[in-house]
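J.: The structure file structure11.cif (mmCIF, N, CA and C atoms) is provided below.
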data_input
#
loop_
_atom_site.label_atom_id
_atom_site.label_comp_id
_atom_site.auth_asym_id
_atom_site.auth_seq_id
_atom_site.Cartn_x
_atom_site.Cartn_y
_atom_site.Cartn_z
N GLN A 1 49.25 95.63 47.85
CA GLN A 1 49.43 96.42 49.05
C GLN A 1 49.28 95.52 50.27
N VAL A 2 50.32 95.49 51.08
CA VAL A 2 50.29 94.67 52.28
C VAL A 2 49.65 95.45 53.41
N GLN A 3 48.76 94.81 54.12
CA GLN A 3 48.18 95.40 55.32
C GLN A 3 48.54 94.56 56.52
N LEU A 4 48.85 95.24 57.61
CA LEU A 4 49.09 94.56 58.88
C LEU A 4 47.90 94.85 59.79
N VAL A 5 47.36 93.80 60.36
CA VAL A 5 46.18 93.96 61.22
C VAL A 5 46.51 93.45 62.61
N GLU A 6 46.41 94.37 63.58
CA GLU A 6 46.67 94.00 64.97
C GLU A 6 45.37 93.61 65.67
N SER A 7 45.51 92.79 66.66
CA SER A 7 44.36 92.42 67.50
C SER A 7 44.85 92.10 68.90
N GLY A 8 43.93 92.10 69.84
CA GLY A 8 44.27 91.69 71.20
C GLY A 8 44.37 92.80 72.21
N GLY A 9 44.24 94.03 71.77
CA GLY A 9 44.29 95.13 72.73
C GLY A 9 43.05 95.15 73.60
N GLY A 10 43.07 96.02 74.59
CA GLY A 10 41.90 96.13 75.46
C GLY A 10 42.24 96.79 76.77
N LEU A 11 41.35 96.62 77.72
CA LEU A 11 41.50 97.21 79.05
C LEU A 11 41.82 96.11 80.06
N VAL A 12 42.82 96.36 80.88
CA VAL A 12 43.22 95.37 81.87
C VAL A 12 43.67 96.09 83.13
N HIS A 13 43.54 95.44 84.27
CA HIS A 13 44.02 96.02 85.52
C HIS A 13 45.52 95.86 85.62
N ALA A 14 46.14 96.72 86.36
CA ALA A 14 47.57 96.60 86.60
C ALA A 14 47.89 95.22 87.16
N GLY A 15 48.98 94.65 86.64
CA GLY A 15 49.36 93.30 87.04
C GLY A 15 48.82 92.23 86.13
N GLY A 16 47.88 92.60 85.28
CA GLY A 16 47.28 91.64 84.37
C GLY A 16 48.10 91.40 83.12
N SER A 17 47.52 90.63 82.21
CA SER A 17 48.22 90.25 80.98
C SER A 17 47.34 90.47 79.76
N LEU A 18 47.98 90.74 78.65
CA LEU A 18 47.33 90.81 77.34
C LEU A 18 48.26 90.21 76.31
N SER A 19 47.68 89.69 75.25
CA SER A 19 48.48 89.16 74.15
C SER A 19 48.05 89.85 72.87
N LEU A 20 48.99 90.47 72.20
CA LEU A 20 48.72 91.14 70.93
C LEU A 20 49.18 90.25 69.78
N SER A 21 48.44 90.30 68.70
CA SER A 21 48.82 89.56 67.50
C SER A 21 48.76 90.49 66.29
N CYS A 22 49.57 90.18 65.31
CA CYS A 22 49.60 90.97 64.08
C CYS A 22 49.75 90.00 62.91
N VAL A 23 48.87 90.14 61.94
CA VAL A 23 48.93 89.27 60.77
C VAL A 23 48.98 90.12 59.52
N ALA A 24 49.79 89.68 58.57
CA ALA A 24 49.90 90.38 57.30
C ALA A 24 48.86 89.85 56.32
N SER A 25 48.37 90.72 55.47
CA SER A 25 47.30 90.34 54.53
C SER A 25 47.81 89.41 53.44
N ARG A 26 49.12 89.41 53.23
CA ARG A 26 49.71 88.48 52.26
C ARG A 26 51.15 88.21 52.67
N ILE A 27 51.74 87.24 52.05
CA ILE A 27 53.10 86.86 52.38
C ILE A 27 54.05 88.02 52.07
N ILE A 28 54.94 88.29 53.02
CA ILE A 28 55.99 89.28 52.85
C ILE A 28 57.31 88.55 52.72
N PHE A 29 58.02 88.81 51.65
CA PHE A 29 59.28 88.13 51.41
C PHE A 29 60.45 88.93 51.98
N SER A 30 61.51 88.20 52.27
CA SER A 30 62.75 88.82 52.74
C SER A 30 62.53 89.71 53.95
N ILE A 31 61.89 89.17 54.96
CA ILE A 31 61.64 89.95 56.18
C ILE A 31 62.93 90.13 56.96
N LYS A 32 63.25 91.36 57.29
CA LYS A 32 64.43 91.68 58.08
C LYS A 32 64.07 91.66 59.57
N SER A 33 62.94 92.25 59.89
CA SER A 33 62.52 92.29 61.28
C SER A 33 61.02 92.45 61.39
N MET A 34 60.51 92.04 62.52
CA MET A 34 59.10 92.24 62.86
C MET A 34 59.06 92.76 64.28
N GLY A 35 58.21 93.72 64.53
CA GLY A 35 58.25 94.29 65.86
C GLY A 35 57.01 95.04 66.26
N TRP A 36 57.13 95.58 67.46
CA TRP A 36 56.03 96.36 68.05
C TRP A 36 56.57 97.68 68.57
N TYR A 37 55.85 98.73 68.27
CA TYR A 37 56.10 100.05 68.82
C TYR A 37 54.85 100.47 69.58
N ARG A 38 55.00 101.51 70.39
CA ARG A 38 53.83 102.06 71.07
C ARG A 38 53.94 103.57 71.16
N GLN A 39 52.78 104.18 71.27
CA GLN A 39 52.74 105.64 71.41
C GLN A 39 51.68 106.00 72.43
N ALA A 40 52.13 106.63 73.50
CA ALA A 40 51.23 107.10 74.54
C ALA A 40 50.84 108.54 74.22
N PRO A 41 49.72 109.00 74.75
CA PRO A 41 49.28 110.37 74.48
C PRO A 41 50.35 111.39 74.84
N GLY A 42 50.66 112.28 73.92
CA GLY A 42 51.63 113.32 74.17
C GLY A 42 53.07 112.89 74.11
N LYS A 43 53.31 111.64 73.74
CA LYS A 43 54.67 111.13 73.69
C LYS A 43 55.01 110.64 72.29
N GLN A 44 56.30 110.48 72.05
CA GLN A 44 56.74 109.96 70.76
C GLN A 44 56.56 108.45 70.70
N ARG A 45 56.45 107.97 69.49
CA ARG A 45 56.37 106.53 69.29
C ARG A 45 57.70 105.92 69.71
N GLU A 46 57.65 104.80 70.43
CA GLU A 46 58.87 104.16 70.91
C GLU A 46 58.85 102.67 70.63
N LEU A 47 60.06 102.14 70.49
CA LEU A 47 60.21 100.71 70.27
C LEU A 47 59.85 99.95 71.54
N VAL A 48 59.08 98.89 71.38
CA VAL A 48 58.77 98.00 72.49
C VAL A 48 59.61 96.74 72.38
N ALA A 49 59.52 96.08 71.23
CA ALA A 49 60.25 94.83 71.03
C ALA A 49 60.37 94.56 69.54
N VAL A 50 61.45 93.91 69.15
CA VAL A 50 61.65 93.54 67.76
C VAL A 50 62.31 92.18 67.71
N ILE A 51 61.96 91.41 66.70
CA ILE A 51 62.59 90.12 66.45
C ILE A 51 63.14 90.13 65.04
N PHE A 52 64.40 89.75 64.92
CA PHE A 52 65.09 89.82 63.64
C PHE A 52 65.02 88.48 62.90
N SER A 53 65.42 88.52 61.64
CA SER A 53 65.27 87.35 60.78
C SER A 53 65.99 86.12 61.34
N GLU A 54 67.11 86.33 62.00
CA GLU A 54 67.86 85.19 62.53
C GLU A 54 67.35 84.74 63.90
N GLY A 55 66.38 85.48 64.42
CA GLY A 55 65.76 85.06 65.67
C GLY A 55 66.13 85.86 66.89
N SER A 56 67.10 86.75 66.77
CA SER A 56 67.47 87.55 67.93
C SER A 56 66.38 88.57 68.23
N THR A 57 66.35 89.00 69.48
CA THR A 57 65.31 89.94 69.91
C THR A 57 65.92 91.12 70.65
N THR A 58 65.21 92.21 70.62
CA THR A 58 65.57 93.41 71.37
C THR A 58 64.32 93.93 72.06
N TYR A 59 64.48 94.34 73.31
CA TYR A 59 63.37 94.87 74.08
C TYR A 59 63.72 96.23 74.66
N ALA A 60 62.71 97.06 74.80
CA ALA A 60 62.90 98.30 75.55
C ALA A 60 63.19 97.92 77.01
N ASP A 61 64.03 98.68 77.66
CA ASP A 61 64.37 98.38 79.05
C ASP A 61 63.12 98.32 79.93
N SER A 62 62.15 99.15 79.62
CA SER A 62 60.96 99.25 80.45
C SER A 62 60.08 98.00 80.40
N VAL A 63 60.29 97.14 79.40
CA VAL A 63 59.43 95.94 79.29
C VAL A 63 60.20 94.64 79.44
N LYS A 64 61.51 94.73 79.59
CA LYS A 64 62.32 93.51 79.72
C LYS A 64 61.85 92.69 80.92
N GLY A 65 61.71 91.39 80.68
CA GLY A 65 61.27 90.51 81.75
C GLY A 65 59.76 90.42 81.89
N ARG A 66 59.05 91.30 81.21
CA ARG A 66 57.59 91.29 81.31
C ARG A 66 56.93 90.96 79.97
N PHE A 67 57.54 91.40 78.88
CA PHE A 67 56.97 91.20 77.54
C PHE A 67 57.82 90.18 76.78
N THR A 68 57.15 89.41 75.91
CA THR A 68 57.85 88.45 75.08
C THR A 68 57.31 88.54 73.65
N ILE A 69 58.23 88.73 72.71
CA ILE A 69 57.85 88.79 71.31
C ILE A 69 58.12 87.43 70.66
N SER A 70 57.23 87.04 69.76
CA SER A 70 57.42 85.79 69.04
C SER A 70 56.85 85.95 67.63
N ARG A 71 57.19 85.03 66.78
CA ARG A 71 56.74 85.13 65.40
C ARG A 71 56.44 83.74 64.85
N ASP A 72 55.64 83.74 63.79
CA ASP A 72 55.41 82.55 62.99
C ASP A 72 55.74 82.97 61.56
N SER A 73 56.96 82.68 61.14
CA SER A 73 57.41 83.15 59.85
C SER A 73 56.58 82.61 58.70
N ALA A 74 56.13 81.37 58.83
CA ALA A 74 55.35 80.77 57.75
C ALA A 74 54.04 81.49 57.54
N LYS A 75 53.50 82.04 58.63
CA LYS A 75 52.21 82.72 58.54
C LYS A 75 52.36 84.23 58.55
N ASN A 76 53.60 84.72 58.58
CA ASN A 76 53.83 86.17 58.62
C ASN A 76 53.05 86.82 59.76
N THR A 77 53.16 86.22 60.92
CA THR A 77 52.51 86.80 62.09
C THR A 77 53.55 87.07 63.17
N VAL A 78 53.28 88.06 63.97
CA VAL A 78 54.13 88.39 65.10
C VAL A 78 53.22 88.67 66.29
N SER A 79 53.65 88.21 67.44
CA SER A 79 52.83 88.35 68.64
C SER A 79 53.63 89.00 69.76
N LEU A 80 52.92 89.56 70.70
CA LEU A 80 53.55 90.18 71.86
C LEU A 80 52.76 89.77 73.10
N GLN A 81 53.38 88.97 73.93
CA GLN A 81 52.77 88.58 75.21
C GLN A 81 53.21 89.59 76.25
N MET A 82 52.23 90.22 76.88
CA MET A 82 52.52 91.27 77.85
C MET A 82 52.01 90.84 79.23
N ASN A 83 52.93 90.67 80.15
CA ASN A 83 52.59 90.25 81.51
C ASN A 83 52.93 91.36 82.50
N ARG A 84 52.36 91.25 83.67
CA ARG A 84 52.61 92.23 84.76
C ARG A 84 52.50 93.66 84.23
N LEU A 85 51.41 93.91 83.56
CA LEU A 85 51.21 95.22 82.94
C LEU A 85 51.10 96.32 83.98
N LYS A 86 51.60 97.50 83.59
CA LYS A 86 51.60 98.67 84.45
C LYS A 86 50.81 99.79 83.77
N PRO A 87 50.29 100.74 84.55
CA PRO A 87 49.57 101.86 83.93
C PRO A 87 50.41 102.59 82.87
N GLU A 88 51.71 102.65 83.08
CA GLU A 88 52.57 103.33 82.11
C GLU A 88 52.73 102.56 80.80
N ASP A 89 52.21 101.36 80.73
CA ASP A 89 52.19 100.62 79.47
C ASP A 89 51.02 101.04 78.58
N THR A 90 50.14 101.87 79.11
CA THR A 90 49.00 102.35 78.34
C THR A 90 49.46 103.12 77.11
N ALA A 91 49.00 102.68 75.95
CA ALA A 91 49.41 103.30 74.69
C ALA A 91 48.69 102.62 73.53
N VAL A 92 48.85 103.20 72.37
CA VAL A 92 48.45 102.50 71.14
C VAL A 92 49.66 101.71 70.67
N TYR A 93 49.46 100.43 70.45
CA TYR A 93 50.54 99.55 70.05
C TYR A 93 50.46 99.27 68.54
N TYR A 94 51.58 99.45 67.87
CA TYR A 94 51.66 99.29 66.42
C TYR A 94 52.58 98.14 66.05
N CYS A 95 52.13 97.36 65.12
CA CYS A 95 52.93 96.28 64.55
C CYS A 95 53.69 96.83 63.34
N THR A 96 54.90 96.37 63.14
CA THR A 96 55.67 96.80 61.98
C THR A 96 56.50 95.65 61.43
N VAL A 97 56.68 95.65 60.14
CA VAL A 97 57.52 94.67 59.45
C VAL A 97 58.45 95.42 58.51
N GLN A 98 59.73 95.09 58.57
CA GLN A 98 60.73 95.70 57.70
C GLN A 98 61.33 94.61 56.83
N SER A 99 61.50 94.91 55.55
CA SER A 99 62.10 93.93 54.66
C SER A 99 63.53 94.32 54.32
N PHE A 100 64.30 93.33 53.87
CA PHE A 100 65.67 93.61 53.45
C PHE A 100 65.70 94.52 52.22
N GLY A 101 64.61 94.54 51.48
CA GLY A 101 64.54 95.40 50.30
C GLY A 101 64.22 96.84 50.61
N GLY A 102 64.01 97.13 51.90
CA GLY A 102 63.76 98.52 52.29
C GLY A 102 62.30 98.86 52.50
N SER A 103 61.42 97.89 52.28
CA SER A 103 60.00 98.17 52.50
C SER A 103 59.69 98.18 53.98
N SER A 104 58.75 99.04 54.34
CA SER A 104 58.34 99.18 55.74
C SER A 104 56.82 99.16 55.81
N TYR A 105 56.29 98.31 56.64
CA TYR A 105 54.84 98.17 56.77
C TYR A 105 54.44 98.42 58.21
N TRP A 106 53.29 99.09 58.37
CA TRP A 106 52.79 99.42 59.70
C TRP A 106 51.30 99.10 59.79
N GLY A 107 50.92 98.66 60.96
CA GLY A 107 49.50 98.45 61.21
C GLY A 107 48.84 99.73 61.67
N GLN A 108 47.54 99.66 61.86
CA GLN A 108 46.77 100.83 62.26
C GLN A 108 46.83 101.07 63.76
N GLY A 109 47.26 100.08 64.50
CA GLY A 109 47.39 100.24 65.93
C GLY A 109 46.23 99.63 66.70
N THR A 110 46.55 99.20 67.92
CA THR A 110 45.53 98.67 68.81
C THR A 110 45.74 99.28 70.20
N GLN A 111 44.66 99.69 70.82
CA GLN A 111 44.76 100.39 72.10
C GLN A 111 44.93 99.40 73.25
N VAL A 112 45.90 99.70 74.10
CA VAL A 112 46.09 98.95 75.34
C VAL A 112 45.95 99.95 76.49
N THR A 113 45.03 99.68 77.38
CA THR A 113 44.81 100.54 78.53
C THR A 113 44.95 99.73 79.81
N VAL A 114 45.84 100.20 80.69
CA VAL A 114 46.08 99.51 81.95
C VAL A 114 45.61 100.42 83.08
N SER A 115 44.64 99.98 83.83
CA SER A 115 44.11 100.78 84.93
C SER A 115 44.85 100.46 86.22
N SER A 116 44.96 101.48 87.05
CA SER A 116 45.68 101.29 88.32
C SER A 116 44.77 100.79 89.42
#
Once more with this new file: its structure as C-alpha cells, please.

T.:
Amino acid sequence: QVQLVESGGGLVHAGGSLSLSCVASRIIFSIKSMGWYRQAPGKQRELVAVIFSEGSTTYADSVKGRFTISRDSAKNTVSLQMNRLKPEDTAVYYCTVQSFGGSSYWGQGTQVTVSS
C-alpha cells in the first residue's frame, strides 16, 4: 500500500511564501502525473498544479505566475512552491499521483492558511 505524505503547510501572511512537499512511502512505477489539489471550506476540491511524465505542467489560472510545481522522479517526490500567497489560497492541499496503469494515490492533506 502506497502512502503519500505531505508536509510544509502552515500559517502565513498575505504576500508570503510556503513550500509544500509530498513523498511516497515506496517507489511508484509508471507514473503518469503528479500534482496538487486543494479544497477550501464549503468548496469542491480543485486542481492547483500537475506535472506530467514528460515534464509538461498545468496550473489553475488562479495560481499561474505565483506557484511552481516540481518533482524528483528518482525519489518519487513532488513539491509546490507557493509565492505571493493570498487569503483565497487558504485550503487543505492534497498531493496526488496517477499511474499509467490506472492507480490513483492521494495524501491526507496539509492545511495552508493565509491571513490578510

J.: Please provide the set of residues having any atom within 6 Å of Ala40 (chain A), restricted to only N, CA and C atoms, with same-chain residues fewer than 5 positions apart removed, written as a VMD selection string.

T.: chain A and resid 45 90 to 92

J.: What do you get, as JSON, numbers by chain, if you spell out every residue that the PyMOL selection byres ((chain A and resi 95-97) around 7) selects here?

T.: {"A": [4, 6, 22, 31, 32, 33, 34, 35, 36, 37, 93, 94, 98, 99, 103, 104, 105, 106, 107, 108, 109, 110]}

J.: Expressed in Å to a single decimal, how great is the separation between CA of Ser17 (chain A) and CA of Lys64 (chain A)?

T.: 14.5 Å

J.: Pick out the closest residue to Ser19 (chain A) from this set: A:Ser56, A:Asp89, A:Ser79, A:Ser116. Count only N, CA and C atoms.

T.: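 Result for the nearest residue to Ser19 (chain A): A:Ser79.
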
J.: Please determine an axis-aligned box that encloses all atoms of region 44-56 of chain A listed in the file, with 3 Å added on each side, and express its centre and edge lengths in Å to one decimal as lines of an AutoDock Vina configuration file.

T.:
center_x = 62.1
center_y = 97.6
center_z = 66.6
size_x = 17.6
size_y = 31.7
size_z = 17.7

J.: Select, from A:Ala60, A:Val50, A:Val114, A:Ile27, the residue with the minimum atom-to-atom distance to Leu85 (chain A), counting all atoms listed in the file.

T.: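 Among the listed residues, A:Val114 lies closest to Leu85 (chain A).
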
J.: Quick one: pick out all strand (DSSP E) residues within region 67-96 of chain A from a backbone DSSP run and write them as a list in words.

T.: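 So, restricting region 67-96 of chain A to strand (DSSP E), we get Phe67, Thr68, Ile69, Ser70, Arg71, Asp72, Thr77, Val78, Ser79, Leu80, Gln81, Met82, Ala91, Val92, Tyr93, Tyr94, Cys95 and Thr96 of chain A.
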
J.: Once you have the residues from the selection above, write them out as a PDB file, in the coordinates of the input, restricted to N, CA and C atoms.

T.:
ATOM      1  N   PHE A  67      57.540  91.400  78.880  1.00  0.00           N
ATOM      2  CA  PHE A  67      56.970  91.200  77.540  1.00  0.00           C
ATOM      3  C   PHE A  67      57.820  90.180  76.780  1.00  0.00           C
ATOM      4  N   THR A  68      57.150  89.410  75.910  1.00  0.00           N
ATOM      5  CA  THR A  68      57.850  88.450  75.080  1.00  0.00           C
ATOM      6  C   THR A  68      57.310  88.540  73.650  1.00  0.00           C
ATOM      7  N   ILE A  69      58.230  88.730  72.710  1.00  0.00           N
ATOM      8  CA  ILE A  69      57.850  88.790  71.310  1.00  0.00           C
ATOM      9  C   ILE A  69      58.120  87.430  70.660  1.00  0.00           C
ATOM     10  N   SER A  70      57.230  87.040  69.760  1.00  0.00           N
ATOM     11  CA  SER A  70      57.420  85.790  69.040  1.00  0.00           C
ATOM     12  C   SER A  70      56.850  85.950  67.630  1.00  0.00           C
ATOM     13  N   ARG A  71      57.190  85.030  66.780  1.00  0.00           N
ATOM     14  CA  ARG A  71      56.740  85.130  65.400  1.00  0.00           C
ATOM     15  C   ARG A  71      56.440  83.740  64.850  1.00  0.00           C
ATOM     16  N   ASP A  72      55.640  83.740  63.790  1.00  0.00           N
ATOM     17  CA  ASP A  72      55.410  82.550  62.990  1.00  0.00           C
ATOM     18  C   ASP A  72      55.740  82.970  61.560  1.00  0.00           C
ATOM     19  N   THR A  77      53.160  86.220  60.920  1.00  0.00           N
ATOM     20  CA  THR A  77      52.510  86.800  62.090  1.00  0.00           C
ATOM     21  C   THR A  77      53.550  87.070  63.170  1.00  0.00           C
ATOM     22  N   VAL A  78      53.280  88.060  63.970  1.00  0.00           N
ATOM     23  CA  VAL A  78      54.130  88.390  65.100  1.00  0.00           C
ATOM     24  C   VAL A  78      53.220  88.670  66.290  1.00  0.00           C
ATOM     25  N   SER A  79      53.650  88.210  67.440  1.00  0.00           N
ATOM     26  CA  SER A  79      52.830  88.350  68.640  1.00  0.00           C
ATOM     27  C   SER A  79      53.630  89.000  69.760  1.00  0.00           C
ATOM     28  N   LEU A  80      52.920  89.560  70.700  1.00  0.00           N
ATOM     29  CA  LEU A  80      53.550  90.180  71.860  1.00  0.00           C
ATOM     30  C   LEU A  80      52.760  89.770  73.100  1.00  0.00           C
ATOM     31  N   GLN A  81      53.380  88.970  73.930  1.00  0.00           N
ATOM     32  CA  GLN A  81      52.770  88.580  75.210  1.00  0.00           C
ATOM     33  C   GLN A  81      53.210  89.590  76.250  1.00  0.00           C
ATOM     34  N   MET A  82      52.230  90.220  76.880  1.00  0.00           N
ATOM     35  CA  MET A  82      52.520  91.270  77.850  1.00  0.00           C
ATOM     36  C   MET A  82      52.010  90.840  79.230  1.00  0.00           C
ATOM     37  N   ALA A  91      49.000 102.680  75.950  1.00  0.00           N
ATOM     38  CA  ALA A  91      49.410 103.300  74.690  1.00  0.00           C
ATOM     39  C   ALA A  91      48.690 102.620  73.530  1.00  0.00           C
ATOM     40  N   VAL A  92      48.850 103.200  72.370  1.00  0.00           N
ATOM     41  CA  VAL A  92      48.450 102.500  71.140  1.00  0.00           C
ATOM     42  C   VAL A  92      49.660 101.710  70.670  1.00  0.00           C
ATOM     43  N   TYR A  93      49.460 100.430  70.450  1.00  0.00           N
ATOM     44  CA  TYR A  93      50.540  99.550  70.050  1.00  0.00           C
ATOM     45  C   TYR A  93      50.460  99.270  68.540  1.00  0.00           C
ATOM     46  N   TYR A  94      51.580  99.450  67.870  1.00  0.00           N
ATOM     47  CA  TYR A  94      51.660  99.290  66.420  1.00  0.00           C
ATOM     48  C   TYR A  94      52.580  98.140  66.050  1.00  0.00           C
ATOM     49  N   CYS A  95      52.130  97.360  65.120  1.00  0.00           N
ATOM     50  CA  CYS A  95      52.930  96.280  64.550  1.00  0.00           C
ATOM     51  C   CYS A  95      53.690  96.830  63.340  1.00  0.00           C
ATOM     52  N   THR A  96      54.900  96.370  63.140  1.00  0.00           N
ATOM     53  CA  THR A  96      55.670  96.800  61.980  1.00  0.00           C
ATOM     54  C   THR A  96      56.500  95.650  61.430  1.00  0.00           C
TER      55      THR A  96
END

J.: Mind giving me the straight-line distance from CA of Gly15 (chain A) to CA of Gln39 (chain A) in Å, one decimal?

T.: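 If I compute the distance from CA of Gly15 (chain A) to CA of Gln39 (chain A), I get 20.2 Å.
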
J.: Of the candidates A:Phe29, A:Ala74, A:Gly8, A:Val23, which one gets nearest to Thr113 (chain A) if we count only C-alpha atoms?

T.: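 Among A:Phe29, A:Ala74, A:Gly8, A:Val23, it is A:Gly8 that comes nearest to Thr113 (chain A).
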
J.: Measuring atom to atom with only N, CA and C atoms, identify which of A:Asp61, A:Lys86, A:Ser53, A:Val112 is nearest to Gly10 (chain A).

T.: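 With only N, CA and C atoms as the atom set, the closest residue is A:Val112.
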
J.: Which residue out of A:Arg84, A:Leu47, A:Gly42, A:Glu54 has the minimum interatomic distance to Arg66 (chain A) when all atoms listed in the file are used?

T.: A:Arg84

J.: Can I get region 57-72 of chain A with N, CA, C and O atoms filled in, as an mmCIF file, keeping the file's coordinate frame?

T.:
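And here's result04.cif as it stands now:
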data_model
loop_
_atom_site.group_PDB
_atom_site.id
_atom_site.type_symbol
_atom_site.label_atom_id
_atom_site.label_comp_id
_atom_site.auth_asym_id
_atom_site.auth_seq_id
_atom_site.Cartn_x
_atom_site.Cartn_y
_atom_site.Cartn_z
ATOM 1 N N THR A 57 66.350 89.000 69.480
ATOM 2 C CA THR A 57 65.310 89.940 69.910
ATOM 3 C C THR A 57 65.920 91.120 70.650
ATOM 4 O O THR A 57 67.009 91.024 71.215
ATOM 5 N N THR A 58 65.210 92.210 70.620
ATOM 6 C CA THR A 58 65.570 93.410 71.370
ATOM 7 C C THR A 58 64.320 93.930 72.060
ATOM 8 O O THR A 58 63.254 93.959 71.440
ATOM 9 N N TYR A 59 64.480 94.340 73.310
ATOM 10 C CA TYR A 59 63.370 94.870 74.080
ATOM 11 C C TYR A 59 63.720 96.230 74.660
ATOM 12 O O TYR A 59 64.877 96.489 75.000
ATOM 13 N N ALA A 60 62.710 97.060 74.800
ATOM 14 C CA ALA A 60 62.900 98.300 75.550
ATOM 15 C C ALA A 60 63.190 97.920 77.010
ATOM 16 O O ALA A 60 62.630 96.935 77.516
ATOM 17 N N ASP A 61 64.030 98.680 77.660
ATOM 18 C CA ASP A 61 64.370 98.380 79.050
ATOM 19 C C ASP A 61 63.120 98.320 79.930
ATOM 20 O O ASP A 61 63.048 97.523 80.866
ATOM 21 N N SER A 62 62.150 99.150 79.620
ATOM 22 C CA SER A 62 60.960 99.250 80.450
ATOM 23 C C SER A 62 60.080 98.000 80.400
ATOM 24 O O SER A 62 59.218 97.821 81.265
ATOM 25 N N VAL A 63 60.290 97.140 79.400
ATOM 26 C CA VAL A 63 59.430 95.940 79.290
ATOM 27 C C VAL A 63 60.200 94.640 79.440
ATOM 28 O O VAL A 63 59.596 93.563 79.440
ATOM 29 N N LYS A 64 61.510 94.730 79.590
ATOM 30 C CA LYS A 64 62.320 93.510 79.720
ATOM 31 C C LYS A 64 61.850 92.690 80.920
ATOM 32 O O LYS A 64 61.615 93.229 82.000
ATOM 33 N N GLY A 65 61.710 91.390 80.680
ATOM 34 C CA GLY A 65 61.270 90.510 81.750
ATOM 35 C C GLY A 65 59.760 90.420 81.890
ATOM 36 O O GLY A 65 59.267 89.562 82.631
ATOM 37 N N ARG A 66 59.050 91.300 81.210
ATOM 38 C CA ARG A 66 57.590 91.290 81.310
ATOM 39 C C ARG A 66 56.930 90.960 79.970
ATOM 40 O O ARG A 66 55.875 90.327 79.935
ATOM 41 N N PHE A 67 57.540 91.400 78.880
ATOM 42 C CA PHE A 67 56.970 91.200 77.540
ATOM 43 C C PHE A 67 57.820 90.180 76.780
ATOM 44 O O PHE A 67 59.036 90.115 76.956
ATOM 45 N N THR A 68 57.150 89.410 75.910
ATOM 46 C CA THR A 68 57.850 88.450 75.080
ATOM 47 C C THR A 68 57.310 88.540 73.650
ATOM 48 O O THR A 68 56.102 88.447 73.428
ATOM 49 N N ILE A 69 58.230 88.730 72.710
ATOM 50 C CA ILE A 69 57.850 88.790 71.310
ATOM 51 C C ILE A 69 58.120 87.430 70.660
ATOM 52 O O ILE A 69 59.104 86.754 70.992
ATOM 53 N N SER A 70 57.230 87.040 69.760
ATOM 54 C CA SER A 70 57.420 85.790 69.040
ATOM 55 C C SER A 70 56.850 85.950 67.630
ATOM 56 O O SER A 70 56.112 86.900 67.352
ATOM 57 N N ARG A 71 57.190 85.030 66.780
ATOM 58 C CA ARG A 71 56.740 85.130 65.400
ATOM 59 C C ARG A 71 56.440 83.740 64.850
ATOM 60 O O ARG A 71 56.921 82.730 65.344
ATOM 61 N N ASP A 72 55.640 83.740 63.790
ATOM 62 C CA ASP A 72 55.410 82.550 62.990
ATOM 63 C C ASP A 72 55.740 82.970 61.560
ATOM 64 O O ASP A 72 54.911 83.575 60.876
#
